[in-house]
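Participant: Structure supplied as protein_27.cif; contents: mmCIF, C-alpha atoms.
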```cif
data_run
loop_
_atom_site.group_PDB
_atom_site.id
_atom_site.type_symbol
_atom_site.label_atom_id
_atom_site.label_comp_id
_atom_site.auth_asym_id
_atom_site.auth_seq_id
_atom_site.Cartn_x
_atom_site.Cartn_y
_atom_site.Cartn_z
ATOM 1 C CA MET A 1 0.000 0.000 0.000
ATOM 2 C CA SER A 2 1.419 3.356 -1.036
ATOM 3 C CA ARG A 3 1.993 6.230 1.380
ATOM 4 C CA LEU A 4 -0.819 8.221 -0.271
ATOM 5 C CA SER A 5 -3.278 5.352 0.202
ATOM 6 C CA ARG A 6 -2.372 5.041 3.884
ATOM 7 C CA ARG A 7 -2.816 8.752 4.363
ATOM 8 C CA ILE A 8 -6.218 8.706 2.629
ATOM 9 C CA GLY A 9 -7.299 5.757 4.792
ATOM 10 C CA LEU A 10 -6.146 7.546 7.957
ATOM 11 C CA TYR A 11 -8.017 10.727 7.048
ATOM 12 C CA ALA A 12 -11.131 8.721 6.189
ATOM 13 C CA ALA A 13 -11.045 6.932 9.541
ATOM 14 C CA LEU A 14 -10.490 10.202 11.428
ATOM 15 C CA SER A 15 -13.354 11.826 9.508
ATOM 16 C CA VAL A 16 -15.739 9.010 10.478
ATOM 17 C CA ILE A 17 -14.691 9.286 14.137
ATOM 18 C CA ALA A 18 -15.122 13.073 14.024
ATOM 19 C CA VAL A 19 -18.643 12.745 12.588
ATOM 20 C CA ILE A 20 -19.590 10.200 15.266
ATOM 21 C CA MET A 21 -18.306 12.474 18.022
ATOM 22 C CA ILE A 22 -19.927 15.656 16.729
ATOM 23 C CA ALA A 23 -23.302 14.050 15.945
ATOM 24 C CA PRO A 24 -24.701 14.403 19.522
ATOM 25 C CA PHE A 25 -23.838 18.106 19.554
ATOM 26 C CA VAL A 26 -25.515 18.658 16.193
ATOM 27 C CA TRP A 27 -28.592 16.784 17.432
ATOM 28 C CA MET A 28 -28.628 18.940 20.574
ATOM 29 C CA VAL A 29 -28.533 22.208 18.630
ATOM 30 C CA LEU A 30 -31.156 21.088 16.102
ATOM 31 C CA THR A 31 -33.478 19.857 18.871
ATOM 32 C CA SER A 32 -33.148 23.187 20.665
ATOM 33 C CA LEU A 33 -34.636 24.854 17.581
ATOM 34 C CA LYS A 34 -37.585 22.498 17.070
ATOM 35 C CA THR A 35 -41.214 23.005 18.022
ATOM 36 C CA PRO A 36 -43.028 20.529 20.321
ATOM 37 C CA ALA A 37 -44.823 19.161 17.232
ATOM 38 C CA ASP A 38 -41.501 18.304 15.573
ATOM 39 C CA ILE A 39 -40.128 16.690 18.729
ATOM 40 C CA GLY A 40 -43.282 14.644 19.256
ATOM 41 C CA ALA A 41 -43.485 13.457 15.656
ATOM 42 C CA SER A 42 -42.754 9.818 14.871
ATOM 43 C CA PRO A 43 -40.188 9.705 13.465
ATOM 44 C CA PRO A 44 -39.014 13.264 14.289
ATOM 45 C CA PRO A 45 -37.601 15.221 11.347
ATOM 46 C CA LEU A 46 -33.860 15.706 11.217
ATOM 47 C CA LEU A 47 -34.204 19.435 10.559
ATOM 48 C CA PRO A 48 -36.834 21.649 12.218
ATOM 49 C CA THR A 49 -39.839 22.352 10.021
ATOM 50 C CA THR A 50 -40.059 25.698 11.814
ATOM 51 C CA TRP A 51 -36.908 27.193 13.305
ATOM 52 C CA ALA A 52 -38.023 28.119 16.836
ATOM 53 C CA TRP A 53 -35.350 30.601 17.895
ATOM 54 C CA SER A 54 -37.704 31.743 20.630
ATOM 55 C CA ASN A 55 -36.870 28.555 22.549
ATOM 56 C CA TYR A 56 -33.725 30.250 23.841
ATOM 57 C CA VAL A 57 -35.651 33.275 25.074
ATOM 58 C CA ASP A 58 -38.315 31.083 26.674
ATOM 59 C CA ALA A 59 -35.685 28.892 28.348
ATOM 60 C CA PHE A 60 -34.097 31.937 29.961
ATOM 61 C CA ALA A 61 -37.503 33.153 31.090
ATOM 62 C CA ALA A 62 -38.380 29.798 32.687
ATOM 63 C CA ALA A 63 -35.572 30.008 35.278
ATOM 64 C CA PRO A 64 -32.999 32.576 36.460
ATOM 65 C CA PHE A 65 -30.282 31.294 34.157
ATOM 66 C CA ALA A 66 -28.333 34.536 34.400
ATOM 67 C CA THR A 67 -27.919 33.871 38.139
ATOM 68 C CA TYR A 68 -27.044 30.220 37.503
ATOM 69 C CA ALA A 69 -24.443 31.180 34.898
ATOM 70 C CA ARG A 70 -22.968 33.815 37.228
ATOM 71 C CA ASN A 71 -22.637 31.255 40.012
ATOM 72 C CA SER A 72 -21.003 28.713 37.697
ATOM 73 C CA LEU A 73 -18.577 31.354 36.457
ATOM 74 C CA ILE A 74 -17.622 32.450 39.984
ATOM 75 C CA ILE A 75 -16.985 28.858 41.064
ATOM 76 C CA ALA A 76 -15.098 27.940 37.888
ATOM 77 C CA VAL A 77 -12.839 31.014 37.995
ATOM 78 C CA SER A 78 -12.184 30.564 41.728
ATOM 79 C CA HIS A 79 -11.282 26.893 41.258
ATOM 80 C CA THR A 80 -9.019 27.773 38.350
ATOM 81 C CA LEU A 81 -7.106 30.478 40.207
ATOM 82 C CA ILE A 82 -6.676 28.338 43.329
ATOM 83 C CA ASN A 83 -5.675 25.261 41.367
ATOM 84 C CA VAL A 84 -3.081 26.837 39.085
ATOM 85 C CA THR A 85 -1.550 28.741 42.009
ATOM 86 C CA PHE A 86 -1.170 25.995 44.586
ATOM 87 C CA ALA A 87 -0.783 23.053 42.203
ATOM 88 C CA SER A 88 2.052 24.841 40.397
ATOM 89 C CA MET A 89 3.791 25.507 43.721
ATOM 90 C CA ALA A 90 3.388 21.873 44.766
ATOM 91 C CA GLY A 91 4.563 20.637 41.363
ATOM 92 C CA TYR A 92 7.626 22.876 41.515
ATOM 93 C CA ALA A 93 8.480 21.675 45.024
ATOM 94 C CA LEU A 94 8.162 18.017 44.041
ATOM 95 C CA ALA A 95 10.233 18.507 40.889
ATOM 96 C CA ARG A 96 13.032 20.840 41.967
ATOM 97 C CA LEU A 97 13.422 20.641 45.743
ATOM 98 C CA ARG A 98 15.249 17.733 47.347
ATOM 99 C CA LEU A 99 13.038 17.173 50.358
ATOM 100 C CA PRO A 100 12.996 14.085 52.612
ATOM 101 C CA GLY A 101 10.173 11.806 51.524
ATOM 102 C CA SER A 102 9.379 13.783 48.362
ATOM 103 C CA ARG A 103 9.213 10.580 46.304
ATOM 104 C CA TRP A 104 6.703 9.068 48.696
ATOM 105 C CA LEU A 105 4.704 12.266 48.629
ATOM 106 C CA PHE A 106 4.632 12.218 44.840
ATOM 107 C CA ALA A 107 3.569 8.563 44.939
ATOM 108 C CA ALA A 108 0.671 9.632 47.172
ATOM 109 C CA PHE A 109 -0.404 12.197 44.574
ATOM 110 C CA VAL A 110 -0.254 9.555 41.840
ATOM 111 C CA GLY A 111 -2.257 7.196 44.052
ATOM 112 C CA ALA A 112 -4.875 9.908 44.545
ATOM 113 C CA LEU A 113 -5.422 9.899 40.785
ATOM 114 C CA MET A 114 -6.722 6.342 41.061
ATOM 115 C CA ILE A 115 -9.470 7.134 43.583
ATOM 116 C CA PRO A 116 -12.866 7.335 41.828
ATOM 117 C CA THR A 117 -14.529 10.703 42.246
ATOM 118 C CA TYR A 118 -17.805 9.328 43.555
ATOM 119 C CA THR A 119 -16.130 7.456 46.405
ATOM 120 C CA LYS A 120 -15.017 10.819 47.830
ATOM 121 C CA ILE A 121 -18.437 12.452 47.770
ATOM 122 C CA LEU A 122 -19.650 11.168 51.160
ATOM 123 C CA PRO A 123 -16.447 11.988 53.131
ATOM 124 C CA GLU A 124 -16.323 15.454 51.572
ATOM 125 C CA PHE A 125 -19.994 16.041 52.382
ATOM 126 C CA LEU A 126 -19.471 15.053 56.026
ATOM 127 C CA ILE A 127 -16.434 17.335 56.299
ATOM 128 C CA VAL A 128 -18.429 20.259 54.893
ATOM 129 C CA ARG A 129 -21.479 19.486 57.027
ATOM 130 C CA PHE A 130 -19.532 19.303 60.301
ATOM 131 C CA MET A 131 -17.052 22.098 59.612
ATOM 132 C CA PRO A 132 -16.228 23.627 63.033
ATOM 133 C CA LEU A 133 -17.253 27.228 63.717
ATOM 134 C CA ALA A 134 -19.099 27.547 60.393
ATOM 135 C CA GLY A 135 -22.818 27.833 59.681
ATOM 136 C CA GLY A 136 -23.733 27.854 63.351
ATOM 137 C CA ASN A 137 -21.550 24.857 64.251
ATOM 138 C CA ASP A 138 -19.635 24.815 67.514
ATOM 139 C CA LEU A 139 -15.977 23.889 67.919
ATOM 140 C CA PHE A 140 -16.894 20.207 67.479
ATOM 141 C CA GLY A 141 -18.954 20.772 64.311
ATOM 142 C CA GLN A 142 -22.344 20.338 65.967
ATOM 143 C CA GLY A 143 -25.479 22.454 66.065
ATOM 144 C CA GLY A 144 -25.467 24.038 62.613
ATOM 145 C CA THR A 145 -25.102 23.370 58.907
ATOM 146 C CA GLY A 146 -21.392 23.998 58.414
ATOM 147 C CA TRP A 147 -20.527 25.006 54.878
ATOM 148 C CA LEU A 148 -23.778 23.716 53.383
ATOM 149 C CA ASP A 149 -25.541 26.357 51.300
ATOM 150 C CA SER A 150 -22.462 28.584 51.215
ATOM 151 C CA TRP A 151 -19.814 29.740 48.787
ATOM 152 C CA TRP A 152 -17.161 28.091 50.982
ATOM 153 C CA GLY A 153 -18.743 24.691 50.422
ATOM 154 C CA LEU A 154 -18.989 25.262 46.684
ATOM 155 C CA ILE A 155 -15.439 26.533 46.166
ATOM 156 C CA ILE A 156 -13.025 24.995 48.684
ATOM 157 C CA PRO A 157 -13.667 21.220 48.237
ATOM 158 C CA GLY A 158 -12.088 20.009 45.047
ATOM 159 C CA ALA A 159 -10.308 23.286 44.318
ATOM 160 C CA ILE A 160 -6.933 21.538 43.945
ATOM 161 C CA ALA A 161 -6.643 18.427 41.776
ATOM 162 C CA PRO A 162 -3.865 15.812 42.136
ATOM 163 C CA PHE A 163 -3.622 15.550 38.358
ATOM 164 C CA SER A 164 -2.733 19.238 38.175
ATOM 165 C CA VAL A 165 0.137 18.722 40.629
ATOM 166 C CA PHE A 166 1.342 15.770 38.561
ATOM 167 C CA LEU A 167 1.189 17.765 35.318
ATOM 168 C CA PHE A 168 3.095 20.724 36.747
ATOM 169 C CA ARG A 169 5.754 18.418 38.190
ATOM 170 C CA GLN A 170 6.338 16.864 34.782
ATOM 171 C CA PHE A 171 6.824 20.284 33.203
ATOM 172 C CA TYR A 172 9.144 21.596 35.898
ATOM 173 C CA LEU A 173 11.231 18.415 35.632
ATOM 174 C CA SER A 174 11.922 19.188 31.974
ATOM 175 C CA LEU A 175 13.655 22.499 32.703
ATOM 176 C CA PRO A 176 17.472 22.521 32.853
ATOM 177 C CA VAL A 177 19.028 22.686 36.317
ATOM 178 C CA GLU A 178 21.466 25.342 35.097
ATOM 179 C CA LEU A 179 18.670 27.923 35.167
ATOM 180 C CA GLU A 180 18.051 27.635 38.897
ATOM 181 C CA GLU A 181 21.762 27.389 39.669
ATOM 182 C CA ALA A 182 22.410 30.635 37.814
ATOM 183 C CA ALA A 183 19.482 32.284 39.595
ATOM 184 C CA ARG A 184 20.819 31.202 42.996
ATOM 185 C CA LEU A 185 24.233 32.667 42.126
ATOM 186 C CA ASP A 186 22.451 35.923 41.359
ATOM 187 C CA GLY A 187 20.921 35.892 44.827
ATOM 188 C CA LEU A 188 17.360 34.814 44.022
ATOM 189 C CA GLY A 189 15.457 32.914 46.684
ATOM 190 C CA GLU A 190 13.462 29.781 46.036
ATOM 191 C CA PHE A 191 10.169 31.624 45.513
ATOM 192 C CA GLY A 192 11.872 34.038 43.123
ATOM 193 C CA ILE A 193 13.260 31.127 41.104
ATOM 194 C CA TYR A 194 9.809 29.573 40.967
ATOM 195 C CA SER A 195 7.936 32.736 40.020
ATOM 196 C CA ARG A 196 10.434 34.640 37.874
ATOM 197 C CA ILE A 197 12.595 31.979 36.230
ATOM 198 C CA MET A 198 10.780 28.645 36.011
ATOM 199 C CA THR A 199 7.093 29.514 35.797
ATOM 200 C CA PRO A 200 7.300 31.706 32.643
ATOM 201 C CA LEU A 201 8.772 28.673 30.844
ATOM 202 C CA VAL A 202 5.809 26.357 31.525
ATOM 203 C CA LYS A 203 2.957 28.397 30.071
ATOM 204 C CA PRO A 204 1.437 25.355 28.276
ATOM 205 C CA ALA A 205 1.043 23.665 31.655
ATOM 206 C CA PHE A 206 -0.818 26.666 33.047
ATOM 207 C CA ALA A 207 -3.083 26.827 29.992
ATOM 208 C CA THR A 208 -3.816 23.093 30.148
ATOM 209 C CA VAL A 209 -4.558 23.037 33.887
ATOM 210 C CA ALA A 210 -6.626 26.219 33.671
ATOM 211 C CA LEU A 211 -8.725 24.874 30.805
ATOM 212 C CA LEU A 212 -9.292 21.483 32.447
ATOM 213 C CA THR A 213 -10.189 23.068 35.790
ATOM 214 C CA LEU A 214 -12.514 25.610 34.241
ATOM 215 C CA GLU A 215 -14.281 22.941 32.207
ATOM 216 C CA GLY A 216 -14.617 20.546 35.143
ATOM 217 C CA SER A 217 -15.952 23.205 37.507
ATOM 218 C CA TRP A 218 -18.358 24.653 34.944
ATOM 219 C CA ASN A 219 -19.826 21.216 34.200
ATOM 220 C CA ASN A 220 -19.958 20.042 37.825
ATOM 221 C CA PHE A 221 -23.446 18.840 38.707
ATOM 222 C CA LEU A 222 -23.463 16.404 41.621
ATOM 223 C CA TRP A 223 -21.569 18.394 44.265
ATOM 224 C CA PRO A 224 -23.559 21.663 43.911
ATOM 225 C CA LEU A 225 -26.759 19.599 43.854
ATOM 226 C CA LEU A 226 -25.833 17.904 47.141
ATOM 227 C CA ILE A 227 -24.827 20.915 49.217
ATOM 228 C CA THR A 228 -27.125 23.711 48.014
ATOM 229 C CA ARG A 229 -30.825 24.280 48.466
ATOM 230 C CA ARG A 230 -30.969 28.034 47.912
ATOM 231 C CA ASP A 231 -31.919 29.043 44.390
ATOM 232 C CA ASP A 232 -29.450 31.936 44.405
ATOM 233 C CA LEU A 233 -26.571 29.448 44.820
ATOM 234 C CA ARG A 234 -27.643 27.020 42.109
ATOM 235 C CA VAL A 235 -25.276 26.485 39.172
ATOM 236 C CA ILE A 236 -26.229 26.246 35.533
ATOM 237 C CA GLN A 237 -25.964 22.453 35.310
ATOM 238 C CA VAL A 238 -28.360 22.046 38.244
ATOM 239 C CA GLY A 239 -30.617 24.743 36.816
ATOM 240 C CA LEU A 240 -31.190 22.681 33.680
ATOM 241 C CA SER A 241 -33.158 20.181 35.771
ATOM 242 C CA VAL A 242 -36.119 22.597 35.902
ATOM 243 C CA PHE A 243 -37.020 21.349 32.416
ATOM 244 C CA GLN A 244 -37.249 17.734 33.607
ATOM 245 C CA THR A 245 -40.165 16.533 35.698
ATOM 246 C CA GLU A 246 -41.448 13.084 36.633
ATOM 247 C CA ASN A 247 -44.082 13.126 33.904
ATOM 248 C CA ASN A 248 -42.610 15.345 31.215
ATOM 249 C CA THR A 249 -39.375 16.696 29.768
ATOM 250 C CA GLN A 250 -39.329 19.961 27.839
ATOM 251 C CA TRP A 251 -36.770 18.798 25.326
ATOM 252 C CA ALA A 252 -36.564 21.994 23.290
ATOM 253 C CA PHE A 253 -35.911 24.171 26.356
ATOM 254 C CA LEU A 254 -33.562 21.596 27.875
ATOM 255 C CA MET A 255 -31.475 21.416 24.706
ATOM 256 C CA ALA A 256 -31.474 25.212 24.388
ATOM 257 C CA GLY A 257 -30.166 25.567 27.935
ATOM 258 C CA THR A 258 -27.629 22.792 27.404
ATOM 259 C CA THR A 259 -26.388 24.451 24.211
ATOM 260 C CA LEU A 260 -25.854 27.727 26.035
ATOM 261 C CA ALA A 261 -24.093 25.899 28.876
ATOM 262 C CA THR A 262 -21.815 24.052 26.448
ATOM 263 C CA LEU A 263 -20.917 26.958 24.169
ATOM 264 C CA PRO A 264 -18.433 28.742 26.531
ATOM 265 C CA MET A 265 -16.372 25.564 26.987
ATOM 266 C CA VAL A 266 -16.281 24.901 23.242
ATOM 267 C CA LEU A 267 -15.081 28.450 22.557
ATOM 268 C CA LEU A 268 -12.426 28.160 25.272
ATOM 269 C CA PHE A 269 -11.102 24.934 23.829
ATOM 270 C CA VAL A 270 -10.991 26.364 20.308
ATOM 271 C CA ALA A 271 -9.099 29.414 21.574
ATOM 272 C CA PHE A 272 -6.537 27.465 23.650
ATOM 273 C CA GLN A 273 -6.365 24.103 21.890
ATOM 274 C CA ARG A 274 -2.741 24.667 20.824
ATOM 275 C CA TYR A 275 -1.599 24.989 24.437
ATOM 276 C CA PHE A 276 -3.920 22.185 25.510
ATOM 277 C CA VAL A 277 -2.481 19.675 23.028
ATOM 278 C CA GLN A 278 1.074 20.852 23.670
ATOM 279 C CA GLY A 279 0.586 20.449 27.400
ATOM 280 C CA PHE A 280 -0.549 16.849 27.178
ATOM 281 C CA ALA A 281 2.062 15.942 24.566
ATOM 282 C CA THR A 282 4.883 17.391 26.648
ATOM 283 C CA ALA A 283 3.685 15.759 29.887
ATOM 284 C CA GLY A 284 3.408 12.396 28.202
ATOM 285 C CA ILE A 285 7.081 12.186 27.119
ATOM 286 C CA LYS A 286 8.646 13.070 30.473
#
```
Have the structure of the file written as structure tokens, please.
Facilitator:
Amino acid sequence: MSRLSRRIGLYAALSVIAVIMIAPFVWMVLTSLKTPADIGASPPPLLPTTWAWSNYVDAFAAAPFATYARNSLIIAVSHTLINVTFASMAGYALARLRLPGSRWLFAAFVGALMIPTYTKILPEFLIVRFMPLAGGNDLFGQGGTGWLDSWWGLIIPGAIAPFSVFLFRQFYLSLPVELEEAARLDGLGEFGIYSRIMTPLVKPAFATVALLTLEGSWNNFLWPLLITRRDDLRVIQVGLSVFQTENNTQWAFLMAGTTLATLPMVLLFVAFQRYFVQGFATAGIK
């Protein structure tokens, strides 16, 4: 088989995979523009017979989605800032500082990557519920609600991810030791070496971690659902449930809301995909 034939076959296979992956998103957008008659038809038409752009306006009017989107943005940005700051410091320390037990500590971070997310939900909930001196709790975490229904409960748990520490460590390991040695000769302290010499050289790591954290926090559903009851603290993923009831699902409104919730993450990935791909490629060869 010639090189051209192999290349054509590869592109054909990638095109089929791309179509399969993008099909659910196309279906979501088309459904968001259909009328109830189109959705209830059997079989439903692929394209809307009437393009119901008003579904987006009606979806926003059905629930305070501006508040939900604001809450999701606050949580996502807070998680991103906390994660890139502290995970980069931890990754630098594990990569460049010769500390007693640093290998065991790094092994603990790698082990934390293997813990399923849902197995941590109950311990985290109990910690938040019985947080001492918060939400009316006494010193022993009794008598109140702790961090339930609060910004603290939404932001602090899960703000730092072990994978982010691992990724930063891999990047900092790739930098030549001569850079920090020269900086020490010039009188820079350890924090100055981290912030002024090493960190500007690992921008792809920051972009990758920031994008992953922002996407994960924006799409988080279970944790905000568990710890919030107040409508003014609901996030956009939880807010979409208003279109689903026991007896009926408003598919057009649900898909319109889901499209609006998905669009910011798609735009972010398109804007930063070069750094995202570079970050994973570089981490994988360390």
Participant: Mind telling me what the PyMOL selection byres ((chain A and resi 96) around 12) catches here, as number ranges by chain?
Facilitator: A: 88-95, 97-99, 102-103, 168-181, 190-191, 193-194, 198
Participant: Expand the PyMOL selection byres ((chain A and resi 150) around 12) into the individual residues it matches in the shown file, reporting them as a compact mmCIF listing (two decimals) with C-alpha atoms, in the coordinates of the input.
Facilitator:
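As written to disk, expr-v1.txt reads:
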```
# COMPACT_ATOMS: atom_id res chain seq x y z
CA ASN A 71 -22.64 31.26 40.01
CA ILE A 75 -16.98 28.86 41.06
CA VAL A 128 -18.43 20.26 54.89
CA ARG A 129 -21.48 19.49 57.03
CA MET A 131 -17.05 22.10 59.61
CA ALA A 134 -19.10 27.55 60.39
CA GLY A 135 -22.82 27.83 59.68
CA THR A 145 -25.10 23.37 58.91
CA GLY A 146 -21.39 24.00 58.41
CA TRP A 147 -20.53 25.01 54.88
CA LEU A 148 -23.78 23.72 53.38
CA ASP A 149 -25.54 26.36 51.30
CA TRP A 151 -19.81 29.74 48.79
CA TRP A 152 -17.16 28.09 50.98
CA GLY A 153 -18.74 24.69 50.42
CA LEU A 154 -18.99 25.26 46.68
CA ILE A 155 -15.44 26.53 46.17
CA ILE A 156 -13.02 25.00 48.68
CA PRO A 157 -13.67 21.22 48.24
CA PRO A 224 -23.56 21.66 43.91
CA LEU A 226 -25.83 17.90 47.14
CA ILE A 227 -24.83 20.92 49.22
CA THR A 228 -27.12 23.71 48.01
CA ARG A 229 -30.82 24.28 48.47
CA ARG A 230 -30.97 28.03 47.91
CA ASP A 231 -31.92 29.04 44.39
CA ASP A 232 -29.45 31.94 44.40
CA LEU A 233 -26.57 29.45 44.82
CA ARG A 234 -27.64 27.02 42.11
```
Participant: Please expand the PyMOL selection byres ((chain A and resi 111-115) around 12) into the concrete residues it hits in this file, giving the result as JSON, numbers by chain.
Facilitator: {"A": [104, 105, 106, 107, 108, 109, 110, 116, 117, 118, 119, 120, 121, 160, 161, 162, 163, 164, 165, 166, 167]}
Participant: Let me see the file: selected residues, C-alpha atoms, as a short mmCIF file (atom, residue, chain, number, x, y, z; two decimals), in the frame of the given file.
Facilitator:
```cif
data_model
loop_
_atom_site.label_atom_id
_atom_site.label_comp_id
_atom_site.auth_asym_id
_atom_site.auth_seq_id
_atom_site.Cartn_x
_atom_site.Cartn_y
_atom_site.Cartn_z
CA TRP A 104 6.70 9.07 48.70
CA LEU A 105 4.70 12.27 48.63
CA PHE A 106 4.63 12.22 44.84
CA ALA A 107 3.57 8.56 44.94
CA ALA A 108 0.67 9.63 47.17
CA PHE A 109 -0.40 12.20 44.57
CA VAL A 110 -0.25 9.56 41.84
CA PRO A 116 -12.87 7.34 41.83
CA THR A 117 -14.53 10.70 42.25
CA TYR A 118 -17.80 9.33 43.56
CA THR A 119 -16.13 7.46 46.40
CA LYS A 120 -15.02 10.82 47.83
CA ILE A 121 -18.44 12.45 47.77
CA ILE A 160 -6.93 21.54 43.94
CA ALA A 161 -6.64 18.43 41.78
CA PRO A 162 -3.86 15.81 42.14
CA PHE A 163 -3.62 15.55 38.36
CA SER A 164 -2.73 19.24 38.17
CA VAL A 165 0.14 18.72 40.63
CA PHE A 166 1.34 15.77 38.56
CA LEU A 167 1.19 17.76 35.32
#
```
Participant: Which residue gives the smallest distance to Phe243 of chain A among A:Ala61, A:Leu268, A:Leu139, A:Met21, with only C-alpha atoms counted?
Facilitator: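 Selected residue with least distance to Phe243 of chain A: A:Ala61.
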Participant: If I take atom CA of Trp223 of chain A and atom CA of Gly143 of chain A, how far is one from the other in Å, to one decimal?
Facilitator: 22.5 Å
